[in-house]
$ cat input_24.txt   # compact mmCIF, C-alpha atoms
# COMPACT_ATOMS: atom_id res chain seq x y z
CA MET A 1 0.00 0.00 0.00
CA ARG A 2 1.42 3.41 -0.97
CA LEU A 3 1.77 6.16 1.64
CA SER A 4 -0.16 9.34 1.04
CA THR A 5 1.83 12.44 0.27
CA ARG A 6 0.76 14.07 3.53
CA LEU A 7 1.72 11.04 5.66
CA PHE A 8 5.13 10.67 3.91
CA ALA A 9 5.91 14.32 4.55
CA ALA A 10 5.02 13.94 8.23
CA LEU A 11 7.23 10.89 8.69
CA LEU A 12 10.14 12.59 6.88
CA ALA A 13 9.87 15.65 9.08
CA ALA A 14 9.86 13.52 12.21
CA GLY A 15 12.98 11.68 11.06
CA LEU A 16 14.85 14.87 10.32
CA GLN A 17 13.89 16.25 13.73
CA ALA A 18 15.27 13.12 15.39
CA CYS A 19 18.58 13.59 13.59
CA VAL A 20 18.80 17.14 14.84
CA THR A 21 17.80 16.48 18.46
CA GLN A 22 19.54 13.14 19.05
CA PRO A 23 23.35 12.96 19.33
CA ILE A 24 25.04 11.12 16.47
CA ALA A 25 26.87 8.03 17.66
CA ALA A 26 30.59 8.24 17.13
CA PRO A 27 31.74 5.93 14.34
CA THR A 28 33.71 2.86 15.24
CA THR A 29 37.39 3.75 14.81
CA VAL A 30 40.14 1.48 13.51
CA ALA A 31 43.29 1.62 15.61
CA ALA A 32 45.96 3.61 13.79
CA ALA A 33 48.83 1.52 12.49
CA ALA A 34 51.94 1.83 14.61
CA VAL A 35 54.47 4.19 13.06
CA GLU A 36 57.75 2.37 12.50
CA THR A 37 60.76 3.72 14.30
CA ARG A 38 63.57 3.43 11.80
CA ASP A 39 67.22 3.00 12.62
CA PRO A 40 69.63 5.32 10.79
CA VAL A 41 71.00 4.19 7.45
CA THR A 42 74.29 5.26 5.88
CA ILE A 43 74.25 6.83 2.40
CA LEU A 44 77.56 7.33 0.59
CA VAL A 45 77.12 9.87 -2.22
CA SER A 46 79.69 10.65 -4.88
CA ILE A 47 79.36 13.86 -6.85
CA ASP A 48 82.04 13.26 -9.45
CA GLY A 49 84.36 16.22 -10.04
CA PHE A 50 82.86 18.43 -7.31
CA LYS A 51 85.36 21.01 -6.08
CA PRO A 52 84.91 22.19 -2.47
CA ASP A 53 84.66 25.81 -3.59
CA TYR A 54 81.51 24.99 -5.57
CA LEU A 55 79.78 25.29 -2.18
CA THR A 56 80.47 29.04 -2.24
CA ARG A 57 78.58 29.81 -5.47
CA GLY A 58 75.14 30.31 -3.94
CA VAL A 59 73.47 27.33 -5.63
CA THR A 60 73.92 24.60 -2.99
CA PRO A 61 71.50 25.20 -0.10
CA ASN A 62 71.07 21.50 0.64
CA LEU A 63 74.73 20.61 0.63
CA ASN A 64 75.54 23.67 2.71
CA ALA A 65 72.83 22.76 5.20
CA LEU A 66 74.30 19.27 5.56
CA ALA A 67 77.79 20.72 5.99
CA ASP A 68 76.55 23.18 8.61
CA ALA A 69 74.85 20.37 10.52
CA GLY A 70 77.93 18.14 10.41
CA ILE A 71 81.50 18.35 9.14
CA SER A 72 83.13 19.26 5.84
CA ALA A 73 86.61 19.50 4.35
CA ALA A 74 88.67 19.90 1.21
CA MET A 75 89.77 16.28 0.79
CA ARG A 76 92.95 15.20 -0.99
CA PRO A 77 92.48 12.56 -3.68
CA SER A 78 94.96 9.79 -4.34
CA PHE A 79 97.28 9.68 -7.32
CA PRO A 80 96.32 9.48 -10.11
CA SER A 81 93.51 11.92 -9.37
CA VAL A 82 91.09 10.33 -11.82
CA THR A 83 87.71 8.68 -11.40
CA PHE A 84 88.02 4.92 -11.03
CA PRO A 85 91.17 4.78 -8.85
CA ASN A 86 89.72 7.27 -6.39
CA HIS A 87 86.26 5.76 -6.21
CA TYR A 88 87.82 2.43 -5.38
CA THR A 89 90.14 4.05 -2.83
CA ILE A 90 87.15 5.61 -1.05
CA VAL A 91 85.41 2.25 -0.59
CA THR A 92 88.50 0.13 0.17
CA GLY A 93 90.69 2.42 2.28
CA LEU A 94 93.66 1.49 0.07
CA ARG A 95 95.45 3.75 -2.38
CA PRO A 96 95.37 2.82 -6.08
CA ASP A 97 98.83 1.31 -5.84
CA ARG A 98 97.38 -1.24 -3.39
CA ASN A 99 93.75 -1.57 -4.46
CA GLY A 100 94.79 -2.48 -8.00
CA ILE A 101 92.79 0.13 -9.91
CA VAL A 102 95.84 2.19 -10.84
CA GLY A 103 94.19 4.13 -13.68
CA ASN A 104 91.08 4.59 -15.73
CA ARG A 105 93.05 2.74 -18.38
CA MET A 106 95.70 0.19 -17.49
CA GLU A 107 97.35 -3.10 -18.37
CA ASP A 108 98.25 -6.13 -16.28
CA PRO A 109 101.37 -8.21 -17.00
CA ALA A 110 99.50 -11.26 -15.69
CA HIS A 111 96.88 -10.83 -18.42
CA PRO A 112 98.77 -9.84 -21.57
CA GLY A 113 96.75 -8.46 -24.41
CA MET A 114 94.00 -7.14 -22.12
CA THR A 115 93.41 -3.47 -21.32
CA PHE A 116 91.28 -2.17 -18.47
CA THR A 117 88.86 0.59 -19.38
CA MET A 118 85.96 2.09 -17.50
CA GLN A 119 83.69 -0.59 -18.97
CA SER A 120 85.77 -3.52 -17.69
CA GLU A 121 83.91 -5.90 -15.38
CA GLU A 122 86.24 -8.91 -15.28
CA PRO A 123 86.60 -9.73 -11.56
CA PHE A 124 90.40 -10.10 -11.68
CA TRP A 125 90.81 -6.36 -12.24
CA TRP A 126 88.94 -5.61 -9.00
CA GLY A 127 90.03 -8.42 -6.74
CA GLN A 128 93.12 -6.88 -5.14
CA ALA A 129 91.04 -5.07 -2.49
CA GLU A 130 87.69 -5.71 -0.84
CA PRO A 131 85.12 -2.90 -1.20
CA ILE A 132 83.06 -1.97 1.81
CA TRP A 133 79.76 -3.28 0.41
CA ILE A 134 81.29 -6.77 0.40
CA THR A 135 82.64 -6.30 3.92
CA ALA A 136 79.17 -5.19 4.99
CA GLU A 137 77.41 -8.12 3.31
CA LYS A 138 79.78 -10.55 5.02
CA ALA A 139 78.74 -8.99 8.33
CA GLY A 140 75.04 -9.33 7.52
CA ILE A 141 74.60 -5.66 6.65
CA HIS A 142 72.63 -5.40 3.43
CA SER A 143 73.93 -2.94 0.84
CA ALA A 144 72.41 -1.30 -2.24
CA THR A 145 74.55 0.47 -4.82
CA MET A 146 73.00 2.99 -7.18
CA PHE A 147 76.14 3.11 -9.33
CA TRP A 148 79.73 3.02 -8.11
CA PRO A 149 82.81 1.78 -9.95
CA GLY A 150 83.19 -1.91 -9.15
CA ALA A 151 79.79 -2.33 -7.53
CA ASN A 152 78.45 -4.40 -10.43
CA VAL A 153 81.37 -6.86 -10.32
CA ASP A 154 81.25 -10.34 -8.83
CA PHE A 155 83.64 -10.39 -5.86
CA GLY A 156 84.43 -13.97 -4.95
CA GLY A 157 80.83 -14.95 -5.60
CA MET A 158 79.39 -11.98 -3.70
CA ARG A 159 77.74 -8.73 -4.71
CA PRO A 160 75.71 -6.08 -2.90
CA GLN A 161 72.21 -7.31 -2.06
CA ASP A 162 70.93 -4.78 -4.62
CA TRP A 163 72.85 -3.01 -7.37
CA GLN A 164 72.20 -1.15 -10.58
CA GLN A 165 74.25 -1.39 -13.76
CA TYR A 166 75.62 2.05 -14.59
CA GLY A 167 73.72 3.95 -17.25
CA HIS A 168 74.67 7.50 -18.18
CA GLU A 169 71.12 8.11 -19.40
CA VAL A 170 69.57 7.37 -15.99
CA SER A 171 68.36 10.75 -14.73
CA ASN A 172 69.26 12.29 -11.39
CA ARG A 173 65.64 11.86 -10.30
CA GLN A 174 65.68 8.17 -11.20
CA ARG A 175 68.87 7.69 -9.23
CA VAL A 176 67.31 9.27 -6.15
CA ASP A 177 64.10 7.29 -6.67
CA ALA A 178 66.07 4.05 -6.59
CA ILE A 179 67.34 4.86 -3.10
CA VAL A 180 63.85 5.84 -1.94
CA ASP A 181 62.28 2.69 -3.38
CA TRP A 182 64.82 0.51 -1.57
CA LEU A 183 64.00 2.36 1.65
CA ARG A 184 60.29 1.63 1.24
CA ARG A 185 60.87 -2.08 1.62
CA PRO A 186 59.92 -3.98 4.77
CA ARG A 187 62.53 -3.87 7.48
CA ASP A 188 63.80 -7.42 6.91
CA THR A 189 64.70 -6.78 3.25
CA ARG A 190 65.63 -3.11 3.51
CA PRO A 191 69.30 -2.24 2.92
CA THR A 192 71.26 -0.38 5.58
CA PHE A 193 74.13 0.93 3.45
CA PHE A 194 73.64 2.74 0.14
CA THR A 195 75.83 4.28 -2.52
CA LEU A 196 74.60 6.96 -4.92
CA TYR A 197 76.59 8.42 -7.80
CA PHE A 198 76.15 11.59 -9.87
CA ASP A 199 78.38 12.28 -12.88
CA ALA A 200 76.86 15.48 -14.26
CA VAL A 201 79.16 17.94 -12.45
CA ASP A 202 82.25 16.17 -13.79
CA SER A 203 80.83 16.17 -17.32
CA ALA A 204 80.03 19.88 -17.09
CA GLY A 205 83.49 20.66 -15.72
CA HIS A 206 85.18 18.82 -18.57
CA ALA A 207 83.05 20.46 -21.22
CA ASN A 208 82.99 24.01 -19.86
CA GLY A 209 85.75 24.36 -17.28
CA PRO A 210 85.35 24.63 -13.51
CA ASP A 211 84.67 28.36 -13.51
CA SER A 212 81.91 28.35 -16.12
CA PRO A 213 78.37 29.47 -15.23
CA LYS A 214 77.20 26.32 -17.04
CA THR A 215 79.12 24.19 -14.56
CA THR A 216 77.67 26.18 -11.68
CA ALA A 217 74.16 25.57 -13.02
CA VAL A 218 74.75 21.82 -13.03
CA VAL A 219 76.09 22.02 -9.47
CA GLY A 220 72.73 23.54 -8.54
CA GLU A 221 70.86 20.71 -10.27
CA ILE A 222 72.71 18.09 -8.26
CA ASP A 223 72.08 20.02 -5.06
CA ALA A 224 68.37 19.95 -5.89
CA ALA A 225 68.57 16.17 -6.31
CA ILE A 226 70.15 15.92 -2.86
CA GLY A 227 67.37 18.14 -1.55
CA ARG A 228 64.74 15.84 -3.02
CA LEU A 229 66.38 12.85 -1.36
CA ARG A 230 66.34 14.67 1.98
CA THR A 231 62.64 15.45 1.55
CA GLU A 232 61.79 11.84 0.73
CA LEU A 233 63.75 10.64 3.77
CA ALA A 234 61.77 13.02 5.96
CA VAL A 235 58.47 11.70 4.56
CA LEU A 236 59.55 8.16 5.38
CA GLY A 237 60.74 9.16 8.84
CA GLN A 238 64.11 7.71 7.87
CA PRO A 239 67.17 9.11 9.65
CA ALA A 240 70.35 8.92 7.61
CA ASN A 241 74.05 9.49 8.03
CA PHE A 242 75.28 11.10 4.82
CA VAL A 243 78.87 10.84 3.64
CA ILE A 244 79.12 12.99 0.52
CA VAL A 245 82.37 12.94 -1.42
CA ALA A 246 83.98 13.73 -4.74
CA ASP A 247 86.72 11.72 -6.36
CA HIS A 248 88.79 14.73 -7.45
CA GLY A 249 88.58 18.39 -8.36
CA MET A 250 88.94 20.08 -11.74
CA ALA A 251 91.41 22.46 -13.41
CA GLY A 252 91.05 24.58 -16.52
CA ILE A 253 92.76 23.48 -19.74
CA SER A 254 93.22 25.07 -23.15
CA PRO A 255 94.53 24.01 -26.58
CA ASP A 256 97.66 26.13 -26.19
CA ARG A 257 98.93 24.08 -23.23
CA ILE A 258 99.78 20.78 -24.93
CA ILE A 259 102.94 18.66 -24.58
CA ARG A 260 103.49 16.56 -27.71
CA PHE A 261 105.43 13.52 -26.50
CA ASP A 262 106.31 12.51 -30.05
CA GLU A 263 108.17 15.82 -30.39
CA ILE A 264 110.30 14.95 -27.37
CA VAL A 265 110.81 11.22 -27.85
CA ALA A 266 111.10 9.40 -31.17
CA PRO A 267 107.71 7.75 -31.83
CA ASP A 268 109.27 4.35 -32.54
CA ILE A 269 110.64 3.90 -29.02
CA PHE A 270 107.49 4.28 -26.90
CA ARG A 271 103.79 3.58 -26.67
CA PHE A 272 101.23 5.22 -24.39
CA VAL A 273 99.12 3.12 -22.04
CA THR A 274 97.29 6.27 -21.03
CA GLY A 275 97.72 9.98 -21.60
CA GLY A 276 96.29 13.35 -20.71
CA THR A 277 97.01 15.02 -17.40
CA TYR A 278 99.46 12.26 -16.69
CA ALA A 279 100.93 9.63 -19.01
CA GLY A 280 101.72 5.97 -18.49
CA ILE A 281 104.37 4.88 -20.97
CA GLU A 282 105.94 1.59 -22.02
CA PRO A 283 109.10 1.22 -24.15
CA MET A 284 108.93 -0.60 -27.42
CA PRO A 285 110.86 -3.89 -27.35
CA GLY A 286 114.59 -3.25 -27.19
CA LYS A 287 114.11 0.50 -26.69
CA GLU A 288 114.21 0.61 -22.90
CA ALA A 289 117.51 2.49 -22.63
CA ALA A 290 116.58 4.95 -25.37
CA LEU A 291 113.30 5.80 -23.67
CA ALA A 292 114.96 6.20 -20.28
CA ALA A 293 117.51 8.60 -21.75
CA ALA A 294 114.89 10.61 -23.62
CA ILE A 295 112.59 11.23 -20.66
CA ALA A 296 115.54 12.10 -18.41
CA LYS A 297 115.81 15.42 -20.22
CA PRO A 298 113.99 18.17 -18.28
CA ASN A 299 110.74 19.60 -19.58
CA PRO A 300 109.31 22.84 -18.15
CA HIS A 301 105.74 21.53 -18.01
CA MET A 302 106.04 17.90 -16.98
CA GLN A 303 108.04 15.56 -14.78
CA CYS A 304 108.83 11.95 -15.73
CA TRP A 305 110.00 9.01 -13.62
CA ALA A 306 110.70 5.34 -13.93
CA LYS A 307 108.05 3.56 -11.88
CA GLY A 308 110.56 2.73 -9.13
CA ALA A 309 111.58 6.39 -8.77
CA ILE A 310 108.14 8.04 -8.49
CA PRO A 311 108.17 10.46 -5.51
CA ALA A 312 107.08 8.83 -2.26
CA ALA A 313 104.45 11.53 -1.74
CA LEU A 314 102.45 10.09 -4.65
CA HIS A 315 102.32 6.57 -3.10
CA TYR A 316 102.55 5.06 -6.55
CA GLY A 317 104.76 2.65 -8.42
CA ARG A 318 104.78 -0.68 -6.57
CA ASN A 319 101.82 -2.31 -8.29
CA PRO A 320 102.72 -4.38 -11.38
CA ARG A 321 99.94 -2.60 -13.26
CA VAL A 322 101.73 0.76 -13.01
CA PRO A 323 103.43 1.44 -16.36
CA SER A 324 107.20 1.39 -16.62
CA TYR A 325 107.33 5.20 -16.84
CA VAL A 326 104.99 7.85 -15.53
CA CYS A 327 104.98 11.51 -16.59
CA LEU A 328 102.93 14.11 -14.70
CA ALA A 329 101.90 17.35 -16.39
CA GLU A 330 101.95 20.73 -14.74
CA THR A 331 98.41 21.64 -13.73
CA GLY A 332 96.53 22.96 -16.75
CA TRP A 333 98.71 21.12 -19.27
CA LEU A 334 98.06 17.89 -21.18
CA ILE A 335 100.47 15.20 -22.40
CA LEU A 336 99.56 13.67 -25.78
CA ASP A 337 101.44 10.98 -27.65
CA ARG A 338 100.77 12.75 -30.95
CA ALA A 339 98.73 15.57 -32.45
CA PRO A 340 95.04 15.24 -31.60
CA PRO A 341 92.79 13.98 -34.42
CA ALA A 342 91.29 16.69 -36.59
CA ASP A 343 87.78 15.62 -35.64
CA ARG A 344 88.59 15.69 -31.92
CA PRO A 345 90.62 18.83 -31.25
CA ILE A 346 91.57 19.87 -27.75
CA LYS A 347 89.20 22.59 -26.58
CA ALA A 348 89.13 24.87 -23.59
CA GLY A 349 87.46 23.09 -20.70
CA GLY A 350 88.53 21.16 -17.63
CA ALA A 351 90.62 18.14 -16.64
CA HIS A 352 91.86 16.28 -13.59
CA GLY A 353 94.58 13.76 -12.85
CA TYR A 354 97.20 16.23 -11.65
CA ASP A 355 99.20 16.23 -8.41
CA PRO A 356 96.74 15.43 -5.58
CA GLY A 357 98.40 18.11 -3.47
CA ASP A 358 97.33 20.84 -5.87
CA PRO A 359 94.32 22.71 -4.43
CA ALA A 360 92.64 22.50 -7.85
CA MET A 361 92.41 18.71 -7.35
CA ALA A 362 90.80 18.95 -3.88
CA ALA A 363 87.56 17.01 -3.55
CA LEU A 364 84.33 17.65 -1.69
CA PHE A 365 83.77 15.97 1.67
CA ILE A 366 80.68 16.33 3.88
CA ALA A 367 79.46 14.05 6.67
CA SER A 368 76.17 14.78 8.39
CA GLY A 369 73.53 12.90 10.33
CA PRO A 370 72.62 11.61 13.79
CA ALA A 371 76.05 10.00 14.28
CA VAL A 372 77.99 13.17 13.39
CA ARG A 373 78.43 16.15 15.67
CA PRO A 374 78.30 19.60 14.04
CA LEU A 375 81.97 20.53 14.28
CA GLY A 376 82.11 22.48 11.03
CA LYS A 377 85.07 22.61 8.69
CA LEU A 378 87.93 20.19 9.26
CA ALA A 379 91.52 20.34 8.11
CA GLY A 380 92.22 18.57 4.84
CA PHE A 381 92.88 14.83 4.90
CA ASP A 382 93.54 12.00 2.43
CA ASN A 383 90.60 10.16 0.94
CA VAL A 384 91.88 6.83 2.29
CA ASP A 385 90.33 7.94 5.59
CA VAL A 386 86.76 7.73 4.28
CA ALA A 387 86.49 3.92 4.38
CA PRO A 388 87.37 3.81 8.11
CA LEU A 389 84.68 6.43 8.74
CA LEU A 390 82.14 4.32 6.86
CA ARG A 391 83.13 1.32 8.97
CA ASP A 392 82.43 3.35 12.11
CA LEU A 393 79.02 4.42 10.86
CA LEU A 394 78.08 0.86 9.89
CA GLY A 395 79.36 -0.68 13.11
CA LEU A 396 82.03 -2.69 11.32
CA PRO A 397 85.35 -3.43 12.99
CA ALA A 398 88.29 -1.25 12.06
CA GLY A 399 89.96 -2.55 8.94
CA LYS A 400 93.39 -4.12 9.18
CA ASP A 401 96.35 -2.80 7.19
CA LEU A 402 94.43 0.06 5.60
CA ASP A 403 96.21 3.14 4.29
CA GLY A 404 94.00 5.48 6.33
CA ASP A 405 92.16 5.68 9.63
CA ASP A 406 89.28 7.58 11.23
CA ALA A 407 91.50 10.05 13.13
CA PRO A 408 90.19 13.13 11.25
CA PHE A 409 86.63 12.38 12.37
CA ARG A 410 86.89 10.94 15.88
CA ALA A 411 85.98 14.15 17.66
CA ALA A 412 82.88 14.47 15.49
CA LEU A 413 81.55 10.94 15.90
CA ALA A 414 78.66 10.72 18.38
CA ARG A 415 79.53 7.43 20.06
$ encode --input "input_24.txt" --output "structure tokens"
Amino acid sequence: MRLSTRLFAALLAAGLQACVTQPIAAPTTVAAAAVETRDPVTILVSIDGFKPDYLTRGVTPNLNALADAGISAAMRPSFPSVTFPNHYTIVTGLRPDRNGIVGNRMEDPAHPGMTFTMQSEEPFWWGQAEPIWITAEKAGIHSATMFWPGANVDFGGMRPQDWQQYGHEVSNRQRVDAIVDWLRRPRDTRPTFFTLYFDAVDSAGHANGPDSPKTTAVVGEIDAAIGRLRTELAVLGQPANFVIVADHGMAGISPDRIIRFDEIVAPDIFRFVTGGTYAGIEPMPGKEAALAAAIAKPNPHMQCWAKGAIPAALHYGRNPRVPSYVCLAETGWLILDRAPPADRPIKAGGAHGYDPGDPAMAALFIASGPAVRPLGKLAGFDNVDVAPLLRDLLGLPAGKDLDGDDAPFRAALAR
């Protein structure tokens, strides 16, 4: 039976009145999920080619904030002050002469006919020193490497729990996102130690020179990527100890500062293993004495040594992979074995690989986080000291027979 219009209106009015006059029962609430309390993680960041004075250009608010909240320094790289040797030094605590990565390009008498380049992944090249992600994994500390020289290489059957194959095309945002995604995992599969690598500052320095506004702009872009990582960590409630480093600095070069080795030494008595800011040279068969005599002559813009006579300050020359002769250019100069190809002329820009004691080669260092007291700027130190610091932050025992120690940082470590 249908209700009359008048009766329906009366019932509706009564219902609305009840809603107004009667208190509304509180809805049943679901207990809020417990917020996870996260332990600090350690994030090692390399900004390739980042000079310490880039922090003074007004484009690095995030890096400056981290430095102000912790410690910073102008860090001395190891010789040769190029990318792969110094990245491996930072994670092994051994200089290139002992960690085996003695150049971006090198040869090994035990493997004739093979040449190491920055694409080489054969484990024998890397096996002379244990990187910290392997030490951590052996101790049950899971690691995740978002790019780092050697991190994609099998080390005695071990690798980091998670790692990414280097790809130049991977954007800065994607690199940061990889770290964040790993941190979103459940606690039992979440890494504790991370590496993150940015190459854009180095590329800009090479192309434009260290003092170019274009290089400064790229410095600002990397700082923004660091800022985004900090924001994402805050959203996750994830405390982190940052160790932010560079592998080397950068010096200006120009096409009018070239040393033509073939104009000094007859081309038929030598071959270059590597060249540029420094040169690794081998004699042609039967030409050993002729090469030794030729490079003994002084040159105003480079110094040359037999590998056994390299100055002790460079800590270089004992490893069998070091070439028979090493020549080091004066900062700003380049050593070429011959005239550059017409389609690849030397242009004004930037380079590294010079004497590690030259301030132009100094590298960025910042450490900041809950384990680091805000002690400000430290005196300069050698980059072999970074691996012992990482061991402290990860709770690993001090390494034995390393080339460095944690002495520069002890006062700043919140134990």
$ closest_residue --input "input_24.txt" --among "A:Ala371, A:Thr92, A:Asp177, A:Leu364" --to "Leu394 in chain A" --atoms "only C-alpha atoms"
A:Ala371
$ atom_distance --input "input_24.txt" --atom1 "CA of Asp406 in chain A" --atom2 "CA of Ala200 in chain A"
29.4 Å
$ atom_distance --input "input_24.txt" --atom1 "CA of Ala360 in chain A" --atom2 "CA of Arg271 in chain A"
28.9 Å
$ atom_distance --input "input_24.txt" --atom1 "CA of Gln161 in chain A" --atom2 "CA of Gly140 in chain A"
10.2 Å
$ closest_residue --input "input_24.txt" --among "A:Pro96, A:Lys400, A:Val82, A:Arg184" --to "Glu36 in chain A" --atoms "only C-alpha atoms"
A:Arg184
$ residues_around --input "input_24.txt" --residues "Ala73 in chain A" --least-positions-apart "2" --cutoff "12 Å" --atoms "all atoms listed in the file" --output "PDB file with C-alpha atoms, in the frame of the given file"
ATOM      1  CA  LYS A  51      85.360  21.010  -6.080  1.00  0.00           C
ATOM      2  CA  PRO A  52      84.910  22.190  -2.470  1.00  0.00           C
ATOM      3  CA  ASP A  53      84.660  25.810  -3.590  1.00  0.00           C
ATOM      4  CA  LEU A  55      79.780  25.290  -2.180  1.00  0.00           C
ATOM      5  CA  ASN A  64      75.540  23.670   2.710  1.00  0.00           C
ATOM      6  CA  ALA A  67      77.790  20.720   5.990  1.00  0.00           C
ATOM      7  CA  ASP A  68      76.550  23.180   8.610  1.00  0.00           C
ATOM      8  CA  GLY A  70      77.930  18.140  10.410  1.00  0.00           C
ATOM      9  CA  ILE A  71      81.500  18.350   9.140  1.00  0.00           C
ATOM     10  CA  MET A  75      89.770  16.280   0.790  1.00  0.00           C
ATOM     11  CA  ARG A  76      92.950  15.200  -0.990  1.00  0.00           C
ATOM     12  CA  VAL A 243      78.870  10.840   3.640  1.00  0.00           C
ATOM     13  CA  ILE A 244      79.120  12.990   0.520  1.00  0.00           C
ATOM     14  CA  VAL A 245      82.370  12.940  -1.420  1.00  0.00           C
ATOM     15  CA  ALA A 246      83.980  13.730  -4.740  1.00  0.00           C
ATOM     16  CA  ALA A 362      90.800  18.950  -3.880  1.00  0.00           C
ATOM     17  CA  ALA A 363      87.560  17.010  -3.550  1.00  0.00           C
ATOM     18  CA  LEU A 364      84.330  17.650  -1.690  1.00  0.00           C
ATOM     19  CA  PHE A 365      83.770  15.970   1.670  1.00  0.00           C
ATOM     20  CA  ILE A 366      80.680  16.330   3.880  1.00  0.00           C
ATOM     21  CA  ALA A 367      79.460  14.050   6.670  1.00  0.00           C
ATOM     22  CA  LEU A 375      81.970  20.530  14.280  1.00  0.00           C
ATOM     23  CA  GLY A 376      82.110  22.480  11.030  1.00  0.00           C
ATOM     24  CA  LYS A 377      85.070  22.610   8.690  1.00  0.00           C
ATOM     25  CA  LEU A 378      87.930  20.190   9.260  1.00  0.00           C
ATOM     26  CA  ALA A 379      91.520  20.340   8.110  1.00  0.00           C
ATOM     27  CA  GLY A 380      92.220  18.570   4.840  1.00  0.00           C
ATOM     28  CA  PHE A 381      92.880  14.830   4.900  1.00  0.00           C
ATOM     29  CA  ASP A 382      93.540  12.000   2.430  1.00  0.00           C
ATOM     30  CA  ASN A 383      90.600  10.160   0.940  1.00  0.00           C
ATOM     31  CA  VAL A 386      86.760   7.730   4.280  1.00  0.00           C
ATOM     32  CA  PRO A 408      90.190  13.130  11.250  1.00  0.00           C
ATOM     33  CA  PHE A 409      86.630  12.380  12.370  1.00  0.00           C
TER      34      PHE A 409
END
$ residues_near_point --input "input_24.txt" --point "(92.9, 1.1, -21.0)" --cutoff "7 Å" --atoms "all atoms listed in the file" --output "PyMOL selection string"
chain A and resi 104-107+115-117+273-274
$ axis_aligned_box --input "input_24.txt" --around "range 373-386 of chain A" --padding-each-side "6 Å" --output "JSON"
{"center_x": 85.9, "center_y": 14.7, "center_z": 8.3, "size_x": 27.2, "size_y": 27.8, "size_z": 26.7}
$ closest_residue --input "input_24.txt" --among "A:Tyr166, A:Thr331, A:Ala289, A:Val180" --to "Gln238 in chain A" --atoms "all atoms listed in the file"
A:Val180
$ residues_around --input "input_24.txt" --residues "Ala313 in chain A" --least-positions-apart "2" --cutoff "12 Å" --atoms "all atoms listed in the file" --output "ChimeraX atom specification"
/A:78-80,95,309-311,315-317,355-357,382
$ closest_residue --input "input_24.txt" --among "A:Pro320, A:Ser72, A:Asn241, A:Gly399" --to "Arg98 in chain A" --atoms "only C-alpha atoms"
A:Pro320
$ closest_residue --input "input_24.txt" --among "A:Thr216, A:Gln119, A:Asn172, A:Asn208" --to "Leu196 in chain A" --atoms "only C-alpha atoms"
A:Asn172
$ closest_residue --input "input_24.txt" --among "A:Ile335, A:Ala312, A:Val218, A:Pro298" --to "Phe272 in chain A" --atoms "only C-alpha atoms"
A:Ile335
$ residues_around --input "input_24.txt" --residues "Asp108 in chain A" --least-positions-apart "5" --cutoff "12 Å" --atoms "only C-alpha atoms" --output "MDAnalysis selection string"
chainID A and resid 100:103 113:117 124:126 273 319:324
$ residues_around --input "input_24.txt" --residues "Asn299 in chain A" --least-positions-apart "3" --cutoff "12 Å" --atoms "all atoms listed in the file" --output "list in words"
Ile259, Arg260, Phe261, Glu263, Ile264, Val265, Ala294, Ile295, Ala296, Met302, Gln303, Cys304, Cys327, Leu328, Ala329, Glu330 and Ile335 of chain A
$ residues_around --input "input_24.txt" --residues "Gly93 in chain A" --least-positions-apart "5" --cutoff "9 Å" --atoms "all atoms listed in the file" --output "PyMOL selection string"
chain A and resi 88+99+129+131-132+383-388+399+402-405
$ residues_near_point --input "input_24.txt" --point "(85.4, -6.6, -5.0)" --cutoff "12 Å" --atoms "all atoms listed in the file" --output "number ranges by chain"
A: 88-89, 91-92, 99-101, 121-137, 148-160
